[in-house]
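Engineer: This is the structure I have questions about; it appears just below.
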Amino acid sequence: MCSEAPEEVLHLEHIGVTFHRNDAGELDLRAFGGASMKRTAYVADITGQAILHVLYEQLMAHAEQVERYEEWFVTRLLTDEQGHCCGAIARDLRDGRMEIFAAKNVILACGGAGQAYHPTTNGLIVTGDGIALAYRLGAPLIDMEMVQYHPTTLVENGLLITEGARGEGAVLLNAKGERFMERYAPNKLELASRDVVSRAEQTEILEGRGVGPEGAGIYLDITPVPRRRILEALREIVNIGRDFAGVDITREPIMIRPGQHYIMGGVKTDVHGATPIPGLYAAGEVACVSVHGGNRLGANSLLDTLIFGRRAGAHAAQRAAQMALPKVPRSALLEEEAAIREIIARPSGGRRVSEIKLELGETMNEHVAVYRTEEGLQKALATIKRLREEAQGAHIDDRGSVFNQDVLGVLELSFMLDCAEAIVTGAIERKESRGAHFRTDFPERNDEEWLKHIALTAGEDGPQVGYADVTITQWQPEVRSY
Amino acid sequence: MADFTLRVRRYDPESGEAPYWEERTVSLEEHRSVLEGILQIKARSDGSLGIRCSCRAAICGSCGVRINGEPGLACKTHIGAAQRHSQAIGKGGVIEVEPLGNMPVIKDLIVDMDAVHWKKIQRVTPYLIGRQPVPEREYIVPRESMLDITQTMACIQCGACVSDCLSMEADPGFIGPAALAKAYRFVGDPRDDRRHERLLDLSEDPQGIFDCTHCFKCVQACPKEVNPMGQIMRLRRIASSDEQIVDANNGVRHEAALSTLIRDYGLLHEAELLPRSYGGNSWFGKFHPAAARELLSSLPAIVKAVLRRKVSPRQALLGHKLPPEDLKAVKAIYEHVEGRRSPHRSERYELNLFIVGEDEDGNESAPAGAADKEQSA
Ligand code: SF4
Ligand code: SF4
Ligand code: FES
């Protein structure tokens with residue numbers, strides 16, 4: 001990933017991303033957490049947005065060659081007799097029509113499962129669809145217990161404040177006005193890796209040095225950064241501060257806390273983005289190539305997505321060139337249509353989808369967060385099992401076919417429950433602390449027994465636990481200290 | 001917690017019924033968003049209420065709606081502020097939420113963005129056509145140029161500006177604010193190879209850059225301070241002063257005539273405007289045959305305007321009068337602005353938020369807040 005990164009950034013630059021320049025007109029670089037030097041190209045504080053829009057521009061540039069199915073929702077992936085992935089079934093949200101797509105390859109590029117948590121920085125559509133779809137098809141999930149809590153999310157509503165703020169020089173303060181990172185990571189301070197900073201904040205909060213009404217926050221003070229620089233390079237968080245917290249971040253600190261942000265785990269893939277199921281690829285947060293280990297560094301997920309997205313595409317194209325279009329079992333379409341009809345026709349009176357979802361999210365955030373214990377994890381698992389039952393008959397209001405977001409909610413909920421169950425199962429299994437996974441009952445890292453991935457496959461009653469080796473290349477595992 | 005009443009425009013295409021209004025009460029803290037109010041309705045009482053949304057942070061651009069008649073993002077509008085706004089405009093504190101305008105409604109608050117917004121974006125060749133040869137490393141370009149187009153890169157394609165664009169309402173074929181802002185993103189990009197062709201195309205298209213009536217609606221609506229109208233003005237300036245494009249629609253000449261008239265008279269001088277736009281930008285313009293033709297063809301409109309007392313014949317012919325000191329002030333503005341112009345385009349005085357982040361005197365420009373309307377305050 002790293003060796004291909006410069007080339008990828010240059011490619012993006014050439015197709016139009018407006019990366020900021022230094023005075024010589026070359027790409028400017030910014031510091032991010034856990035890195036020993038400035039190494040991140042950026043566009044103000046909307047790098048991801050800029051890249052996304054430029055890639056979409058490229059889709060428009062190739063509109064003749066690439067057919068887009070926007071606002072379609074995949075409900076199921078398909079395999080043929082040999083167990084190769086051969087297509088997908090999807091629903092057109094606009095009119096409820098279902099269609100079966102035959103495909104030589106399927107590439108999942110649909111993000112993580114943040115909505116299984118509440119609060120989360122992730123959008124409402126990030127519901128673990130891809131992870132669950134692949135899992136149901138028999139693909140193994142790995143590292144699901146590795147869930148990243150970002151150190152700076154708004155206390156108010158969980159929205160993200162970019163790490164770029166600390167990269168530009170913002171500091172963290174507790175209720176006593178101490179720059180407490182001096183105690184936890186004397187060398188890297190606020191720019192230690194995310195798990196370290198999040199744990200430090202959480203410890204400050206738990207020990208009563210938090211700020212705000214319930215002492216549940218930490219101050220992020222951006223005022224050390226020159227105002228002009230803030231307005232030029234951190235404009236988005238100026239807006240977020242103003243619109244969502246009523247704070248002018250150029251003049252006063254803003255209240256933040258650790259919040260769910262990213263899942264390192266996902267569908268197991270190799271360096272070509274290929275899952276163990278031939279024809280099924282995954283790239284980005286939905287996948288786990290394991291480049292992030294137990295804790296992702298800032299800005300690396302964009303890179304992961306870009307590099308392995310490209311590689312998956314290239315590999316899949318090569319594979320496609322050597323085969324004929326597979327036949328898809330049309331009976332599967334009828335089954336899926338029937339399943340949707342059943343949801344629409346189900347009797348009223350069950351628990352509301354929104355309630356089940358909220359309970360799931362709050363449970364995950366309470367027990368499967370920065371600090372974890374056996375007891376809490378078991379509680380979470382029991383709750384998930386109960387919610388799964390309740391989800392079976394969850395209530396819906398909308399019985400129509402056009403943009404039926406109730407049906408969507410039911411499908412998404414079942415995806416999230418699959419993901420949550422996998423996360424908790426992995427977390428119970430891993431009896432040590434590593435990366436973002438910290439067990440207060442097993443606070444040490446234990447390389448002897450646990451230098452391995454936990455791999456989960458779908459079984460009759462829940463995830464079956466297996467293991468996978470860790471690929472160690474140039475760098476031997478060492479104790480991390482900042 | 002306080003109670004808020006939302007009055008939501010509902011439409012179910014499958015029911016065969018016309019759109020209707022529906023009132024619901026939600027309880028939220030007042031600094032929560034209108035989107036949270038809508039999500040509360042969906043969660044607690046009616047899951048069939050349709051709205052696109054995802055990020056809740058004014059980043060994904062999916063939750064564009066009209067609130068109390070003004071287009072914006074549901075997730076960026078505080079519900080308390082929306083209630084006060086409703087009171088202020090005499091709607092008694094009931095917050096009206098309806099789908100964006102200028103686009104067909106699919107269901108409830110969901111509009112067909114493909115049919116209008118994305119079609120127009122596709123119209124402006126919305127991708128970089130890089131200068132050749134493509135360098136081995138990055139294109140070396142001025143630091144400011146990238147900051148400059150970052151303002152239009154900040155567009156989240158929400159369609160709020162499209163919703164209430166006056167020109168588009170009158171002429172659905174108008175390329176419109178969002179797509180033209182997107183066009184500036186390439187015209188302003190020193191890496192792009194087609195600046196001239198792009199400008200020529202947008203100038204010659206009768207529904208292009210000269211079809212905007214400067215109504216400011218898009219500036220007001222935009223939740224990301226993209227300032228679409230400002231970008232359109234910049235496209236015009238670059239087209240005319242830098243690329244010397246004189247379009248067949250007379251847009252450039254019209255603008256030059258308008259500007260000169262205001263400098264000289266302080267106010268619009270209708271009788272001079274038309275002939276100058278077509279015949280040349282001086283008092284002699286009206287003797288040009290093209291001006292005579294245009295005048296003749298506009299006669300019915302002129303007569304109507306006079307009959308409806310929009311202009312009096314005397315005023316129209318002699319121009320409006322402005323007290324001398326006011327006229328002096330107008331001239332001073334011109335001198336100030338033009339004085340800052342330098343022969344180098346890049347040094348032209350441009351108001352760009354990413355570059356002119358602060359007031360010149362270095363204090364108290366509320367960060368980007370100036371353009372915000374009351375609702376999102
Ligand atoms: S200023 Fe121009 S582009 Fe903007 S809304 Fe008005 S007419 Fe449309
Ligand atoms: S210019 Fe502003 S209002 Fe228009 S689509 Fe872009 S972000 Fe939305
Ligand atoms: S929900 Fe994304 S912009 Fe409002």
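Residues in the structure tokens are named by chain (A, B, ... in the order shown) and by number from 1 within that chain; ligands are numbered from 1 in the order shown.
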Set the distance at 10 Å and use only C-alpha atoms: which residues neighbour A:Leu408 once local chain neighbours fewer than 3 positions away are removed? I'd like the list as a list in words.
Structural biologist: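 Surrounding residues, per the criterion: Phe73, Thr75, Arg91, Leu93, Ile340, Phe403, Asn404, Gln405, Leu411, Glu412 and Leu413 of chain A.
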Engineer: Since we have the selection now, will you write its residues out, keeping C-alpha atoms, as an mmCIF file, in the first residue's frame?
Structural biologist:
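Wrote it out as again-v9.cif, contents follow:
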```
data_model
loop_
_atom_site.group_PDB
_atom_site.id
_atom_site.type_symbol
_atom_site.label_atom_id
_atom_site.label_comp_id
_atom_site.auth_asym_id
_atom_site.auth_seq_id
_atom_site.Cartn_x
_atom_site.Cartn_y
_atom_site.Cartn_z
ATOM 1 C CA PHE A 73 -29.969 -1.652 -2.854
ATOM 2 C CA THR A 75 -30.231 -7.613 -0.820
ATOM 3 C CA ARG A 91 -33.903 -3.508 -5.437
ATOM 4 C CA LEU A 93 -35.413 2.133 -4.387
ATOM 5 C CA ILE A 340 -39.639 -8.362 0.604
ATOM 6 C CA PHE A 403 -38.740 4.843 -1.796
ATOM 7 C CA ASN A 404 -39.933 2.535 0.929
ATOM 8 C CA GLN A 405 -37.406 3.460 3.594
ATOM 9 C CA LEU A 411 -32.931 -4.993 5.790
ATOM 10 C CA GLU A 412 -30.253 -2.691 7.184
ATOM 11 C CA LEU A 413 -31.085 -3.638 10.733
#
```
Engineer: Only residues of chain B matter here; which ones have an atom within 6 Å of chain A, counting only C-alpha atoms? Give them as a VMD selection string.
Structural biologist: chain B and resid 43 47 to 48 54 to 55 126 to 128 138 140 to 143 146 354 357
Engineer: Expressed in Å to a single decimal, how great is the separation between atom CA of A:His437 and atom CA of A:Ile423?
Structural biologist: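 Separating atom CA of A:His437 from atom CA of A:Ile423 is a distance of 10.6 Å.
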Engineer: Which residues are near ligand 3 - at most 7 Å, using only C-alpha atoms and all ligand atoms? Format: as a list of chain:residue names.
Structural biologist: B:Cys53, B:Ser54, B:Cys55, B:Arg56, B:Ala57, B:Ala58, B:Ile59, B:Cys60, B:Gly61, B:Ser62, B:Cys63, B:Gly64, B:Leu73, B:Ala74, B:Cys75, B:Lys76
Engineer: Can you pull out every residue from stretch 216-454 of chain A that DSSP, working from the backbone, puts in alpha helix (DSSP H), and format the result as JSON, numbers by chain?
Structural biologist: {"A": [227, 228, 229, 230, 231, 232, 233, 235, 236, 237, 238, 239, 240, 300, 301, 302, 303, 304, 305, 306, 307, 308, 309, 310, 311, 312, 313, 314, 315, 316, 317, 318, 319, 320, 321, 330, 331, 332, 333, 334, 335, 336, 337, 338, 339, 340, 341, 342, 343, 344, 345, 353, 354, 355, 356, 357, 358, 359, 360, 361, 362, 363, 364, 365, 366, 367, 374, 375, 376, 377, 378, 379, 380, 381, 382, 383, 384, 385, 386, 387, 388, 389, 390, 391, 392, 405, 406, 407, 408, 409, 410, 411, 412, 413, 414, 415, 416, 417, 418, 419, 420, 421, 422, 423, 424, 425, 426, 427, 428, 429, 447, 448, 449, 450]}
